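Asker: What follows is final_0.txt, made up of compact mmCIF, C-alpha atoms:
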```txt
# COMPACT_ATOMS: atom_id res chain seq x y z
CA MET A 1 131.19 157.41 123.19
CA LYS A 2 129.69 160.45 124.90
CA THR A 3 126.12 161.32 123.80
CA LEU A 4 123.84 164.28 124.41
CA ASP A 5 120.10 164.47 125.11
CA GLU A 6 118.14 166.31 122.40
CA ARG A 7 115.29 167.58 124.60
CA PRO A 8 117.11 170.81 125.58
CA HIS A 9 117.64 171.46 121.86
CA LEU A 10 113.89 171.11 121.30
CA ALA A 11 113.19 173.69 124.01
CA LEU A 12 115.78 176.04 122.49
CA LEU A 13 114.19 175.59 119.05
CA THR A 14 110.84 176.75 120.48
CA LEU A 15 112.55 179.87 121.84
CA VAL A 16 114.19 180.57 118.46
CA ALA A 17 110.80 180.15 116.77
CA GLY A 18 109.37 182.79 119.12
CA VAL A 19 112.15 185.23 118.18
CA VAL A 20 111.62 184.62 114.45
CA PHE A 21 107.85 185.04 114.79
CA ALA A 22 108.16 188.25 116.80
CA ALA A 23 110.53 189.73 114.20
CA SER A 24 108.28 188.81 111.25
CA PRO A 25 105.62 191.20 109.91
CA LEU A 26 102.08 189.93 110.32
CA GLU A 27 100.37 188.46 107.24
CA GLN A 28 96.72 188.66 108.37
CA ASP A 29 96.16 189.24 112.09
CA LEU A 30 97.98 188.18 115.22
CA GLY A 31 95.51 185.42 116.10
CA THR A 32 95.58 183.75 112.67
CA ASP A 33 99.35 183.98 112.24
CA LEU A 34 100.02 182.77 115.78
CA LEU A 35 97.62 179.87 115.32
CA ARG A 36 99.39 178.74 112.14
CA ALA A 37 102.83 179.08 113.76
CA VAL A 38 101.79 177.04 116.80
CA ALA A 39 100.15 174.44 114.54
CA GLY A 40 103.35 174.08 112.51
CA LEU A 41 105.49 173.63 115.64
CA LEU A 42 103.06 171.14 117.19
CA LEU A 43 102.90 169.09 113.98
CA PHE A 44 106.71 169.05 113.80
CA HIS A 45 106.82 167.92 117.43
CA ARG A 46 104.06 165.33 116.97
CA PHE A 47 105.42 163.61 113.87
CA GLY A 48 109.15 164.24 114.32
CA GLY A 49 109.41 162.24 117.55
CA PRO A 50 110.08 160.28 119.59
CA TRP A 51 112.15 162.97 121.32
CA GLY A 52 114.63 162.56 124.12
CA GLY A 53 116.99 160.27 122.22
CA ALA A 54 120.77 160.50 122.22
CA LEU A 55 122.82 162.67 119.86
CA GLU A 56 126.36 162.30 118.69
CA PRO A 57 128.71 165.11 119.79
CA ALA A 58 129.00 167.97 117.28
CA THR A 59 132.05 167.92 115.04
CA HIS A 60 131.48 171.41 113.62
CA ARG A 61 129.13 174.38 114.08
CA ARG A 62 128.45 175.35 110.47
CA TRP A 63 124.66 174.90 110.71
CA GLU A 64 124.49 176.89 113.94
CA GLY A 65 126.48 179.67 112.27
CA LEU A 66 124.20 179.62 109.23
CA SER A 67 121.13 179.81 111.45
CA ALA A 68 122.50 182.76 113.43
CA THR A 69 123.47 184.56 110.20
CA LEU A 70 120.03 184.11 108.64
CA ILE A 71 118.17 185.27 111.77
CA ALA A 72 120.50 188.28 112.09
CA ALA A 73 119.78 189.11 108.45
CA GLN A 74 116.06 188.92 109.18
CA LEU A 75 116.42 191.36 112.07
CA ALA A 76 118.43 193.72 109.88
CA LEU A 77 116.41 193.49 106.66
CA GLY A 78 112.94 192.58 107.95
CA ALA A 79 112.75 189.55 105.63
CA GLY A 80 110.72 186.91 107.43
CA SER A 81 111.73 184.19 104.94
CA LEU A 82 115.35 184.47 106.08
CA GLY A 83 114.33 183.94 109.70
CA ALA A 84 112.18 180.95 108.73
CA LEU A 85 115.13 179.36 106.92
CA GLY A 86 117.30 180.14 109.95
CA LEU A 87 114.79 178.31 112.15
CA ALA A 88 115.00 175.22 109.92
CA ALA A 89 118.82 175.43 109.97
CA ALA A 90 118.75 175.61 113.79
CA ALA A 91 116.62 172.46 113.90
CA TRP A 92 118.84 170.58 111.46
CA SER A 93 121.99 171.56 113.39
CA TRP A 94 121.12 168.93 115.99
CA LEU A 95 118.75 166.61 114.12
CA ARG A 96 121.53 165.64 111.71
CA ARG A 97 123.39 164.20 114.72
CA ARG A 98 120.70 161.64 115.51
CA ARG A 99 122.11 158.14 115.64
CA SER A 100 119.21 156.48 113.84
CA PRO A 101 119.06 157.16 110.05
CA GLU A 102 115.30 156.60 110.19
CA ALA A 103 114.91 159.24 112.90
CA ARG A 104 117.07 161.70 110.91
CA ASN A 105 115.02 161.11 107.77
CA ARG A 106 111.71 161.47 109.62
CA ALA A 107 112.68 164.85 111.07
CA ALA A 108 114.30 166.14 107.85
CA ARG A 109 111.05 165.59 105.94
CA LEU A 110 109.24 167.84 108.40
CA LEU A 111 111.64 170.80 108.21
CA PRO A 112 109.46 172.56 105.57
CA LEU A 113 106.74 172.80 108.25
CA LEU A 114 109.00 175.08 110.30
CA VAL A 115 109.69 177.30 107.29
CA LEU A 116 106.05 177.55 106.20
CA ALA A 117 104.65 178.04 109.71
CA MET A 118 106.28 181.47 110.07
CA PRO A 119 104.36 184.54 108.79
CA TRP A 120 106.24 185.50 105.64
CA VAL A 121 104.54 183.84 102.65
CA ALA A 122 101.77 186.36 101.94
CA HIS A 123 103.92 189.35 102.90
CA GLU A 124 106.79 188.52 100.53
CA THR A 125 104.78 187.17 97.59
CA THR A 126 102.52 190.15 96.83
CA GLU A 127 103.62 190.14 93.17
CA LEU A 128 102.64 186.48 92.97
CA GLY A 129 99.21 187.44 94.29
CA TRP A 130 98.84 190.03 91.53
CA TRP A 131 99.67 187.43 88.86
CA PHE A 132 97.23 185.01 90.49
CA ARG A 133 94.50 187.66 90.10
CA LEU A 134 95.46 188.68 86.56
CA SER A 135 95.80 185.15 85.22
CA GLY A 136 92.63 184.07 87.03
CA ALA A 137 90.72 186.93 85.43
CA TRP A 138 92.08 185.97 81.99
CA VAL A 139 91.10 182.30 82.39
CA THR A 140 87.63 183.35 83.57
CA GLU A 141 87.28 185.63 80.55
CA GLN A 142 88.17 182.77 78.22
CA ALA A 143 85.74 180.43 79.97
CA PHE A 144 82.81 182.89 79.69
CA ALA A 145 83.68 183.58 76.05
CA ALA A 146 83.68 179.83 75.34
CA PHE A 147 80.08 179.68 76.60
CA GLY A 148 79.12 182.40 74.13
CA LEU A 149 78.77 185.26 76.63
CA ALA A 150 79.76 188.81 75.75
CA VAL A 151 82.76 189.53 77.96
CA THR A 152 85.46 192.18 78.04
CA ARG A 153 88.40 192.54 80.41
CA GLU A 154 90.65 195.37 81.51
CA GLY A 155 93.31 194.04 83.85
CA THR A 156 91.39 192.35 86.67
CA LEU A 157 88.06 194.03 85.85
CA LEU A 158 85.59 191.88 83.88
CA ASN A 159 82.37 192.96 82.25
CA VAL A 160 80.11 189.99 81.48
CA GLU A 161 76.82 190.72 79.75
CA GLY A 162 76.85 194.21 81.24
CA THR A 163 77.63 192.99 84.78
CA PRO A 164 80.93 194.39 86.15
CA ILE A 165 82.99 191.87 88.09
CA SER A 166 86.23 192.93 89.79
CA VAL A 167 88.83 190.38 90.88
CA GLU A 168 89.89 192.16 94.07
CA ALA A 169 92.95 191.56 96.27
CA ALA A 170 90.87 189.19 98.41
CA CYS A 171 90.78 186.86 95.37
CA SER A 172 94.58 186.81 95.00
CA GLY A 173 94.80 183.55 96.95
CA LEU A 174 97.44 184.91 99.34
CA GLN A 175 95.12 184.54 102.35
CA THR A 176 94.79 180.80 101.77
CA LEU A 177 98.25 180.16 100.30
CA PRO A 178 100.09 179.83 103.67
CA ALA A 179 97.54 177.28 104.94
CA ILE A 180 97.66 175.39 101.63
CA LEU A 181 101.46 175.19 101.68
CA LEU A 182 101.56 174.05 105.32
CA ALA A 183 98.89 171.36 104.87
CA GLY A 184 100.40 170.19 101.59
CA ALA A 185 103.91 169.97 103.03
CA LEU A 186 102.67 167.83 105.93
CA LEU A 187 100.74 165.51 103.61
CA LEU A 188 103.75 165.09 101.31
CA ALA A 189 106.06 164.34 104.26
CA LEU A 190 103.69 161.65 105.50
CA ARG A 191 102.92 159.98 102.18
CA VAL A 192 105.79 160.40 99.70
CA ARG A 193 108.62 157.88 99.84
CA THR A 194 111.56 159.41 97.93
CA ARG A 195 113.35 162.69 98.51
CA ARG A 196 113.02 163.59 94.84
CA GLY A 197 109.28 162.97 94.98
CA LEU A 198 109.01 165.14 98.11
CA LEU A 199 110.86 168.05 96.45
CA LEU A 200 108.76 167.68 93.30
CA GLY A 201 105.57 167.73 95.34
CA LEU A 202 106.67 170.86 97.23
CA CYS A 203 107.42 172.61 93.94
CA MET A 204 103.98 171.69 92.60
CA LEU A 205 102.11 173.13 95.59
CA PRO A 206 102.04 176.74 94.27
CA LEU A 207 100.81 175.47 90.88
CA LEU A 208 98.00 173.50 92.52
CA ALA A 209 97.15 176.55 94.64
CA TRP A 210 96.93 178.65 91.44
CA VAL A 211 94.63 176.14 89.75
CA ALA A 212 92.33 176.00 92.79
CA ASN A 213 92.30 179.79 93.16
CA THR A 214 91.48 180.24 89.47
CA VAL A 215 88.56 177.84 89.85
CA ARG A 216 87.41 179.89 92.84
CA ILE A 217 87.51 183.11 90.80
CA GLY A 218 85.43 181.42 88.11
CA VAL A 219 82.87 180.11 90.61
CA LEU A 220 82.55 183.48 92.36
CA SER A 221 82.21 185.24 89.02
CA GLY A 222 79.48 182.80 88.03
CA LEU A 223 77.65 183.51 91.29
CA ALA A 224 77.96 187.23 90.70
CA LEU A 225 76.56 186.84 87.20
CA SER A 226 73.61 184.63 88.14
CA LEU A 227 72.65 185.83 91.63
CA GLY A 228 73.85 189.39 91.80
CA GLU A 229 77.23 191.05 91.85
CA ARG A 230 77.27 191.40 95.66
CA THR A 231 76.90 187.69 96.32
CA PRO A 232 80.60 186.62 96.33
CA THR A 233 81.39 188.32 99.65
CA GLY A 234 81.25 187.37 103.30
CA THR A 235 80.19 183.81 104.01
CA ALA A 236 80.17 182.68 100.36
CA HIS A 237 83.73 183.92 99.84
CA GLU A 238 84.98 182.25 103.02
CA LEU A 239 83.25 178.92 102.34
CA ILE A 240 84.63 178.73 98.83
CA GLY A 241 88.07 179.56 100.25
CA LEU A 242 87.80 176.54 102.55
CA VAL A 243 86.76 174.42 99.57
CA VAL A 244 89.89 175.64 97.76
CA ILE A 245 92.13 174.48 100.62
CA ALA A 246 90.39 171.11 100.76
CA GLY A 247 90.68 170.78 96.97
CA VAL A 248 94.42 171.43 96.95
CA VAL A 249 95.00 168.98 99.81
CA GLY A 250 92.99 166.36 97.91
CA ALA A 251 95.01 167.05 94.76
CA VAL A 252 98.26 166.62 96.70
CA ALA A 253 97.02 163.29 98.03
CA ALA A 254 96.25 162.20 94.46
CA LEU A 255 99.65 163.16 92.99
CA PRO A 256 101.28 160.15 91.27
CA LEU A 257 104.38 160.21 93.48
CA PRO A 258 106.08 157.18 95.09
CA ARG A 259 104.11 156.44 98.27
CA ARG A 260 105.45 155.40 101.63
CA GLN A 261 104.35 151.92 102.73
CA PRO A 262 103.29 152.25 105.51
CA PRO A 263 102.89 156.04 105.83
CA LEU A 264 105.30 157.92 108.07
CA ARG A 265 104.32 157.68 111.75
CA ARG A 266 105.46 159.52 114.85
CA GLY A 267 107.52 156.65 116.16
CA ALA A 268 106.75 153.42 117.93
CA ASP A 269 106.53 154.97 121.35
CA ALA A 270 104.61 158.10 120.42
CA LYS A 271 101.40 158.69 122.30
CA GLY A 272 97.91 159.61 121.17
CA PRO A 273 95.32 158.30 118.78
CA ASP A 274 96.20 158.00 115.11
CA SER A 275 92.61 157.45 113.98
CA LEU A 276 90.96 159.71 111.43
CA LEU A 277 88.21 160.47 113.95
CA ALA A 278 90.70 161.91 116.45
CA TRP A 279 92.36 164.16 113.89
CA LEU A 280 89.00 165.30 112.53
CA ALA A 281 87.96 166.21 116.08
CA ALA A 282 91.20 168.11 116.64
CA GLY A 283 90.83 170.00 113.34
CA ALA A 284 87.22 170.93 114.07
CA ALA A 285 88.20 172.11 117.56
CA VAL A 286 90.94 174.34 116.12
CA CYS A 287 88.43 175.88 113.69
CA ALA A 288 86.12 176.64 116.62
CA LEU A 289 89.01 178.19 118.59
CA VAL A 290 89.97 180.68 115.86
CA PRO A 291 87.18 183.21 116.70
CA MET A 292 88.25 183.03 120.33
CA ALA A 293 91.68 184.36 119.36
CA VAL A 294 89.89 187.43 117.98
CA HIS A 295 88.21 187.92 121.38
CA TRP A 296 91.62 187.76 123.02
CA LEU A 297 92.77 190.65 120.85
CA HIS A 298 89.73 192.95 120.87
CA ALA A 299 87.38 192.16 123.78
CA PRO A 300 88.31 194.06 126.99
CA LEU A 301 87.26 191.18 129.25
CA GLU A 302 89.29 188.64 127.28
CA ARG A 303 92.65 190.28 126.67
CA HIS A 304 94.29 188.07 129.35
CA SER A 305 92.49 184.85 128.45
CA TRP A 306 95.45 183.58 126.41
CA LEU A 307 97.39 183.32 129.69
CA ILE A 308 94.56 181.28 131.23
CA PHE A 309 94.52 178.99 128.18
CA VAL A 310 98.30 178.39 128.37
CA LEU A 311 98.02 177.52 132.07
CA TRP A 312 95.16 175.10 131.40
CA PHE A 313 96.96 173.56 128.40
CA ALA A 314 100.22 173.10 130.37
CA PRO A 315 99.72 169.33 131.01
CA VAL A 316 99.65 168.68 127.27
CA LEU A 317 102.74 170.81 126.69
CA LEU A 318 104.70 169.34 129.60
CA ARG A 319 103.84 165.71 129.12
CA GLY A 320 105.07 165.31 125.53
CA PRO A 321 105.18 161.95 123.73
CA GLY A 322 105.10 158.93 125.99
CA PRO A 323 104.22 155.23 125.92
CA ALA A 324 100.98 154.45 124.17
CA ARG A 325 98.16 152.66 125.97
CA PRO A 326 96.54 150.38 123.41
CA ALA A 327 93.89 149.33 125.90
CA GLY A 328 92.60 152.89 126.04
CA ALA A 329 92.00 153.20 122.28
CA GLY A 330 88.24 152.78 122.71
CA ARG A 331 88.05 155.48 125.39
CA ARG A 332 90.09 157.87 123.26
CA ALA A 333 87.81 157.22 120.30
CA ARG A 334 84.74 158.00 122.42
CA LEU A 335 86.27 161.23 123.66
CA ALA A 336 87.17 162.21 120.09
CA GLY A 337 83.62 161.44 118.99
CA ALA A 338 82.21 163.53 121.84
CA SER A 339 84.55 166.38 120.84
CA LEU A 340 83.47 166.28 117.20
CA ALA A 341 79.78 166.12 118.16
CA LEU A 342 80.04 169.08 120.55
CA THR A 343 81.97 171.19 118.06
CA LEU A 344 79.66 170.53 115.11
CA LEU A 345 76.49 170.88 117.20
CA GLY A 346 77.69 174.15 118.69
CA LEU A 347 78.60 175.56 115.27
CA ALA A 348 75.30 174.42 113.78
CA LEU A 349 73.22 175.94 116.60
CA GLY A 350 75.36 179.06 116.89
CA VAL A 351 76.19 178.27 120.55
CA HIS A 352 79.86 179.18 120.66
CA ALA A 353 80.46 177.95 124.21
CA LEU A 354 79.21 174.48 123.23
CA ALA A 355 81.54 174.41 120.22
CA LEU A 356 84.50 175.48 122.37
CA PHE A 357 83.96 172.56 124.76
CA GLY A 358 84.91 170.26 121.89
CA ALA A 359 88.54 171.37 122.33
CA PRO A 360 89.10 169.97 125.86
CA PHE A 361 87.52 166.65 124.86
CA ALA A 362 89.86 166.45 121.85
CA ALA A 363 92.87 167.30 124.04
CA ALA A 364 91.82 164.64 126.58
CA ALA A 365 91.71 162.06 123.78
CA PHE A 366 95.34 162.88 122.97
CA LEU A 367 96.42 162.67 126.62
CA ASP A 368 95.28 159.22 127.71
CA GLY A 369 91.55 159.02 127.01
CA ARG A 370 90.53 158.37 130.60
CA TRP A 371 87.42 159.91 132.11
CA ARG A 372 89.41 160.77 135.24
CA LEU A 373 90.37 163.89 133.28
CA ALA A 374 86.82 165.22 133.82
CA PRO A 375 87.94 167.95 136.32
CA TRP A 376 90.47 169.18 133.78
CA ILE A 377 87.87 169.19 131.00
CA ILE A 378 85.41 171.14 133.18
CA SER A 379 88.11 173.67 134.15
CA ALA A 380 88.44 174.61 130.45
CA PHE A 381 85.47 176.92 131.10
CA ALA A 382 88.01 179.31 132.66
CA TRP A 383 89.51 180.39 129.31
CA MET A 384 86.22 180.65 127.44
CA PRO A 385 84.56 184.03 126.77
CA ALA A 386 81.48 182.82 128.66
CA ALA A 387 83.53 182.84 131.87
CA GLY A 388 84.42 186.49 131.37
CA TRP A 389 80.76 187.32 130.79
CA ALA A 390 79.65 185.35 133.89
CA LEU A 391 82.14 187.22 136.09
CA HIS A 392 81.81 190.66 134.46
CA ALA A 393 80.24 192.15 137.61
CA LEU A 394 83.44 191.49 139.59
CA PRO A 395 86.53 193.71 139.45
CA PRO A 396 88.81 192.70 136.54
CA THR A 397 91.63 191.55 138.83
CA VAL A 398 89.28 189.37 140.87
CA SER A 399 87.72 187.87 137.74
CA LEU A 400 91.17 187.11 136.28
CA GLY A 401 92.33 185.59 139.56
CA LEU A 402 89.32 183.28 139.83
CA ARG A 403 89.72 182.11 136.23
CA LEU A 404 93.45 181.49 136.71
CA LEU A 405 92.66 179.57 139.90
CA LEU A 406 90.14 177.35 138.09
CA ALA A 407 92.48 176.67 135.16
CA GLY A 408 95.40 176.03 137.51
CA ALA A 409 93.36 173.59 139.61
CA GLY A 410 92.41 171.63 136.48
CA ALA A 411 96.01 171.50 135.26
CA ALA A 412 97.25 170.52 138.72
CA SER A 413 94.79 167.61 138.84
CA VAL A 414 96.30 166.14 135.68
CA LEU A 415 99.88 166.69 136.82
CA TRP A 416 99.07 165.04 140.18
CA LEU A 417 97.64 161.99 138.44
CA GLU A 418 100.78 161.76 136.30
CA PHE A 419 103.00 162.08 139.38
CA ARG A 420 101.05 159.39 141.25
CA GLU A 421 101.26 157.01 138.29
CA GLY A 422 104.99 157.66 138.03
CA ARG A 423 105.51 156.72 141.69
CA ARG A 424 103.51 153.50 141.25
CA ALA A 425 105.62 152.58 138.22
```
Let's see the structure in the file written out as structure tokens.

Answerer:
Amino acid sequence: MKTLDERPHLALLTLVAGVVFAASPLEQDLGTDLLRAVAGLLLFHRFGGPWGGALEPATHRRWEGLSATLIAAQLALGAGSLGALGLAAAAWSWLRRRRSPEARNRAARLLPLLVLAMPWVAHETTELGWWFRLSGAWVTEQAFAAFGLAVTREGTLLNVEGTPISVEAACSGLQTLPAILLAGALLLALRVRTRRGLLLGLCMLPLLAWVANTVRIGVLSGLALSLGERTPTGTAHELIGLVVIAGVVGAVAALPLPRRQPPLRRGADAKGPDSLLAWLAAGAAVCALVPMAVHWLHAPLERHSWLIFVLWFAPVLLRGPGPARPAGAGRRARLAGASLALTLLGLALGVHALALFGAPFAAAAFLDGRWRLAPWIISAFAWMPAAGWALHALPPTVSLGLRLLLAGAGAASVLWLEFREGRRA
């Protein structure tokens, strides 16, 4: 029976995701929304594989038609949720034709990642954010009253012992809700065994997000009452927001739902370390990269650096999943450890360039963990803001050309090594 390769479908899905993202209104800023969208696609690619398998020929085009209709409706109405659902329908239109039931089930569990990665959640749930604020203020009022404090409330404005506390829009939880939903959906897909348990867990995610956000409002109000009403802003607000995300993810992990034994993996022939250390290093590197996206948007010397980063990152994008090398597990672990150490040390000392160098070490750990990737790791300097500062005396076109040349040389070194290994095999 004639079969079709699914890799072209995966490339087409990436193109459709770009169209849906471009047509969606931004939730926060371009850097944050783009980072979450790329993270969702990469997680779908990482855990939905192995890719490149054979597909059965299509017997009908209903899912393709549904996808096209939903994306057209998004373009006409400006509703990003319709485009996100259309993206998931486009993915399922070919994934349902996988021969292996296990492969179909693995990819179907990850479809919510595609929906939640697109920037629509905060934009289309503003009323939910208002109720998060109002209910959070009410719960906080009841908690203070239970401790015997004199408290009054008008809407989202509290007055506790003469101290006014306003639950502003920043406390609505909508800024953290997209990240909470994406992380929770991934954790449920990896850990929950039954389809009913997966759907139940997805439905409980907003409730867990509300509980965590209400706790955050209470903690910030307590800080305002004890240390001064201006305290719950800036760093304190952001740190408690990160604690909220971590708390919801921990609560999802603790849900009494049927667990998968063993947890869902990427497939027997997927490549890259599965250790906790490697994923911690990758997560820390992403956190360090977020401020760099802001430089790409606002700093005159860095507005083209995203192109340099894509060129440097090309070996990771082009290589895709491949055979694992168990013998290199120790090397990959050392690279992941070096990445985590550089990132945390750089953040602790306030040396941003040092923190950014954790990213290439983490990426090298996911490639093959060999120190022969040192030229590629060093060439990562090309996309860092420090490179723009070092070359600021040169004309902009010359500076950009030199940085592109350095990033391209590093990427070419990896691709040459891959080509040479392929010829030997």

Asker: Separation of atom CA of A:Gly129 and atom CA of A:Trp210, in Å?

Answerer: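 Distance reported for this atom pair: 9.5 Å.
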
Asker: Nearest to A:Asn213: which of A:Trp376, A:Phe144, A:Phe132, A:Trp389 is it, counting all atoms listed in the file?

Answerer: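 Nearest candidate to A:Asn213 out of A:Trp376, A:Phe144, A:Phe132, A:Trp389: A:Phe132.
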
Asker: Would you mind reading off the distance between atom CA of A:Ala137 and atom CA of A:Leu205, one decimal, in Å?

Answerer: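 So the two atoms, atom CA of A:Ala137 and atom CA of A:Leu205, lie 20.6 Å apart.
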
Asker: Could you list as an mmCIF file with C-alpha atoms, keeping the file's coordinate frame every residue that has an atom within 12 Å of (110.6, 184.3, 115.7), using the file's coordinates and counting all atoms listed in the file?

Answerer:
```
data_model
loop_
_atom_site.group_PDB
_atom_site.id
_atom_site.type_symbol
_atom_site.label_atom_id
_atom_site.label_comp_id
_atom_site.auth_asym_id
_atom_site.auth_seq_id
_atom_site.Cartn_x
_atom_site.Cartn_y
_atom_site.Cartn_z
ATOM 1 C CA LEU A 12 115.780 176.040 122.490
ATOM 2 C CA LEU A 13 114.190 175.590 119.050
ATOM 3 C CA THR A 14 110.840 176.750 120.480
ATOM 4 C CA LEU A 15 112.550 179.870 121.840
ATOM 5 C CA VAL A 16 114.190 180.570 118.460
ATOM 6 C CA ALA A 17 110.800 180.150 116.770
ATOM 7 C CA GLY A 18 109.370 182.790 119.120
ATOM 8 C CA VAL A 19 112.150 185.230 118.180
ATOM 9 C CA VAL A 20 111.620 184.620 114.450
ATOM 10 C CA PHE A 21 107.850 185.040 114.790
ATOM 11 C CA ALA A 22 108.160 188.250 116.800
ATOM 12 C CA ALA A 23 110.530 189.730 114.200
ATOM 13 C CA SER A 24 108.280 188.810 111.250
ATOM 14 C CA PRO A 25 105.620 191.200 109.910
ATOM 15 C CA LEU A 26 102.080 189.930 110.320
ATOM 16 C CA ASP A 33 99.350 183.980 112.240
ATOM 17 C CA LEU A 34 100.020 182.770 115.780
ATOM 18 C CA ALA A 37 102.830 179.080 113.760
ATOM 19 C CA VAL A 38 101.790 177.040 116.800
ATOM 20 C CA LEU A 41 105.490 173.630 115.640
ATOM 21 C CA LEU A 70 120.030 184.110 108.640
ATOM 22 C CA ILE A 71 118.170 185.270 111.770
ATOM 23 C CA ALA A 72 120.500 188.280 112.090
ATOM 24 C CA GLN A 74 116.060 188.920 109.180
ATOM 25 C CA LEU A 75 116.420 191.360 112.070
ATOM 26 C CA GLY A 78 112.940 192.580 107.950
ATOM 27 C CA ALA A 79 112.750 189.550 105.630
ATOM 28 C CA GLY A 80 110.720 186.910 107.430
ATOM 29 C CA SER A 81 111.730 184.190 104.940
ATOM 30 C CA LEU A 82 115.350 184.470 106.080
ATOM 31 C CA GLY A 83 114.330 183.940 109.700
ATOM 32 C CA ALA A 84 112.180 180.950 108.730
ATOM 33 C CA LEU A 85 115.130 179.360 106.920
ATOM 34 C CA GLY A 86 117.300 180.140 109.950
ATOM 35 C CA LEU A 87 114.790 178.310 112.150
ATOM 36 C CA ALA A 88 115.000 175.220 109.920
ATOM 37 C CA LEU A 114 109.000 175.080 110.300
ATOM 38 C CA VAL A 115 109.690 177.300 107.290
ATOM 39 C CA ALA A 117 104.650 178.040 109.710
ATOM 40 C CA MET A 118 106.280 181.470 110.070
ATOM 41 C CA PRO A 119 104.360 184.540 108.790
ATOM 42 C CA TRP A 120 106.240 185.500 105.640
#
```

Asker: Hey, which of A:Leu35, A:Ala412, A:Ala278, A:Ala209 ends up closest to A:Trp306? Count all atoms listed in the file.

Answerer: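 For A:Trp306, the nearest of the given residues is A:Leu35.
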
Asker: Please identify every residue of stretch 83-141 of chain A that has at least one atom no farther than 9 Å from an atom of stretch 154-165 of chain A, counting only C-alpha atoms, and for each give the shortest atom pair and the distance in Å to one decimal, arranged by chain then increasing number, as CSV.

Answerer:
```
residue,atom,partner,partner_atom,distance
A:Arg133,CA,A:Thr156,CA,6.6
A:Leu134,CA,A:Thr156,CA,5.5
A:Ser135,CA,A:Thr156,CA,8.6
A:Gly136,CA,A:Thr156,CA,8.4
A:Ala137,CA,A:Thr156,CA,5.6
A:Trp138,CA,A:Thr156,CA,7.9
A:Thr140,CA,A:Leu158,CA,8.8
A:Glu141,CA,A:Leu158,CA,7.3
```

Asker: Those selected residues, please, written with C-alpha atoms and delivered as a compact mmCIF listing (two decimals), in the frame of the given file.

Answerer:
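And here is the file that came out, out_13.txt:
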```txt
# COMPACT_ATOMS: atom_id res chain seq x y z
CA ARG A 133 94.50 187.66 90.10
CA LEU A 134 95.46 188.68 86.56
CA SER A 135 95.80 185.15 85.22
CA GLY A 136 92.63 184.07 87.03
CA ALA A 137 90.72 186.93 85.43
CA TRP A 138 92.08 185.97 81.99
CA THR A 140 87.63 183.35 83.57
CA GLU A 141 87.28 185.63 80.55
```

Asker: Would you work out the distance separating atom CA of A:Gly337 from atom CA of A:Ala362, expressed in Å to one decimal?

Answerer: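 About the pair atom CA of A:Gly337 and atom CA of A:Ala362: they are 8.5 Å apart.
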
Asker: Is it possible to get the residues within 7 Å of (102.1, 170.0, 96.4) (coordinates as in the file, counting all atoms listed in the file) written as an mmCIF file with C-alpha atoms, in the coordinates of the input?

Answerer:
```
data_model
loop_
_atom_site.group_PDB
_atom_site.id
_atom_site.type_symbol
_atom_site.label_atom_id
_atom_site.label_comp_id
_atom_site.auth_asym_id
_atom_site.auth_seq_id
_atom_site.Cartn_x
_atom_site.Cartn_y
_atom_site.Cartn_z
ATOM 1 C CA GLY A 184 100.400 170.190 101.590
ATOM 2 C CA ALA A 185 103.910 169.970 103.030
ATOM 3 C CA GLY A 201 105.570 167.730 95.340
ATOM 4 C CA LEU A 202 106.670 170.860 97.230
ATOM 5 C CA CYS A 203 107.420 172.610 93.940
ATOM 6 C CA MET A 204 103.980 171.690 92.600
ATOM 7 C CA LEU A 205 102.110 173.130 95.590
ATOM 8 C CA LEU A 208 98.000 173.500 92.520
ATOM 9 C CA VAL A 252 98.260 166.620 96.700
#
```

Asker: Smallest atom-to-atom distance to A:Ser305: which of A:Arg403, A:His392, A:Arg196, A:Arg191, using only C-alpha atoms?

Answerer: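 Using only C-alpha atoms, A:Ser305 sits closest to A:Arg403.
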
Asker: Given all atoms listed in the file as the basis, pick out the residue of A:Leu404, A:Val351, A:Ala143, A:Leu391 nearest to A:His304.

Answerer: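 Looking at the shortest contact to A:His304, the residue is A:Leu404.
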
Asker: Counting only C-alpha atoms, which residue out of A:Gly65, A:Gly283, A:Gly40, A:Pro101 sits closest to A:Ala363?

Answerer: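 Of all the options, A:Gly283 lies closest to A:Ala363.
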
Asker: Using only C-alpha atoms, can you tell me which of A:Ala107, A:Ile308, A:Leu198, A:Leu181 comes closest to A:Gly401?

Answerer: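 Using only C-alpha atoms, A:Gly401 sits closest to A:Ile308.
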
Asker: Can we get stretch 157-170 of chain A of that structure written down with C-alpha atoms, as a PDB file, in the first residue's frame?

Answerer:
```pdb
ATOM      1  CA  LEU A 157     -10.119  48.291  46.489  1.00  0.00           C
ATOM      2  CA  LEU A 158      -9.356  47.132  50.047  1.00  0.00           C
ATOM      3  CA  ASN A 159      -8.799  49.256  53.111  1.00  0.00           C
ATOM      4  CA  VAL A 160      -7.062  47.307  55.881  1.00  0.00           C
ATOM      5  CA  GLU A 161      -6.435  49.127  59.149  1.00  0.00           C
ATOM      6  CA  GLY A 162      -6.393  52.424  57.259  1.00  0.00           C
ATOM      7  CA  THR A 163      -3.994  51.163  54.564  1.00  0.00           C
ATOM      8  CA  PRO A 164      -5.504  51.289  51.037  1.00  0.00           C
ATOM      9  CA  ILE A 165      -4.680  48.275  48.888  1.00  0.00           C
ATOM     10  CA  SER A 166      -5.817  48.133  45.262  1.00  0.00           C
ATOM     11  CA  VAL A 167      -5.937  44.859  43.342  1.00  0.00           C
ATOM     12  CA  GLU A 168      -4.837  46.252  39.987  1.00  0.00           C
ATOM     13  CA  ALA A 169      -5.018  44.667  36.526  1.00  0.00           C
ATOM     14  CA  ALA A 170      -1.478  43.336  37.013  1.00  0.00           C
TER      15      ALA A 170
END
```
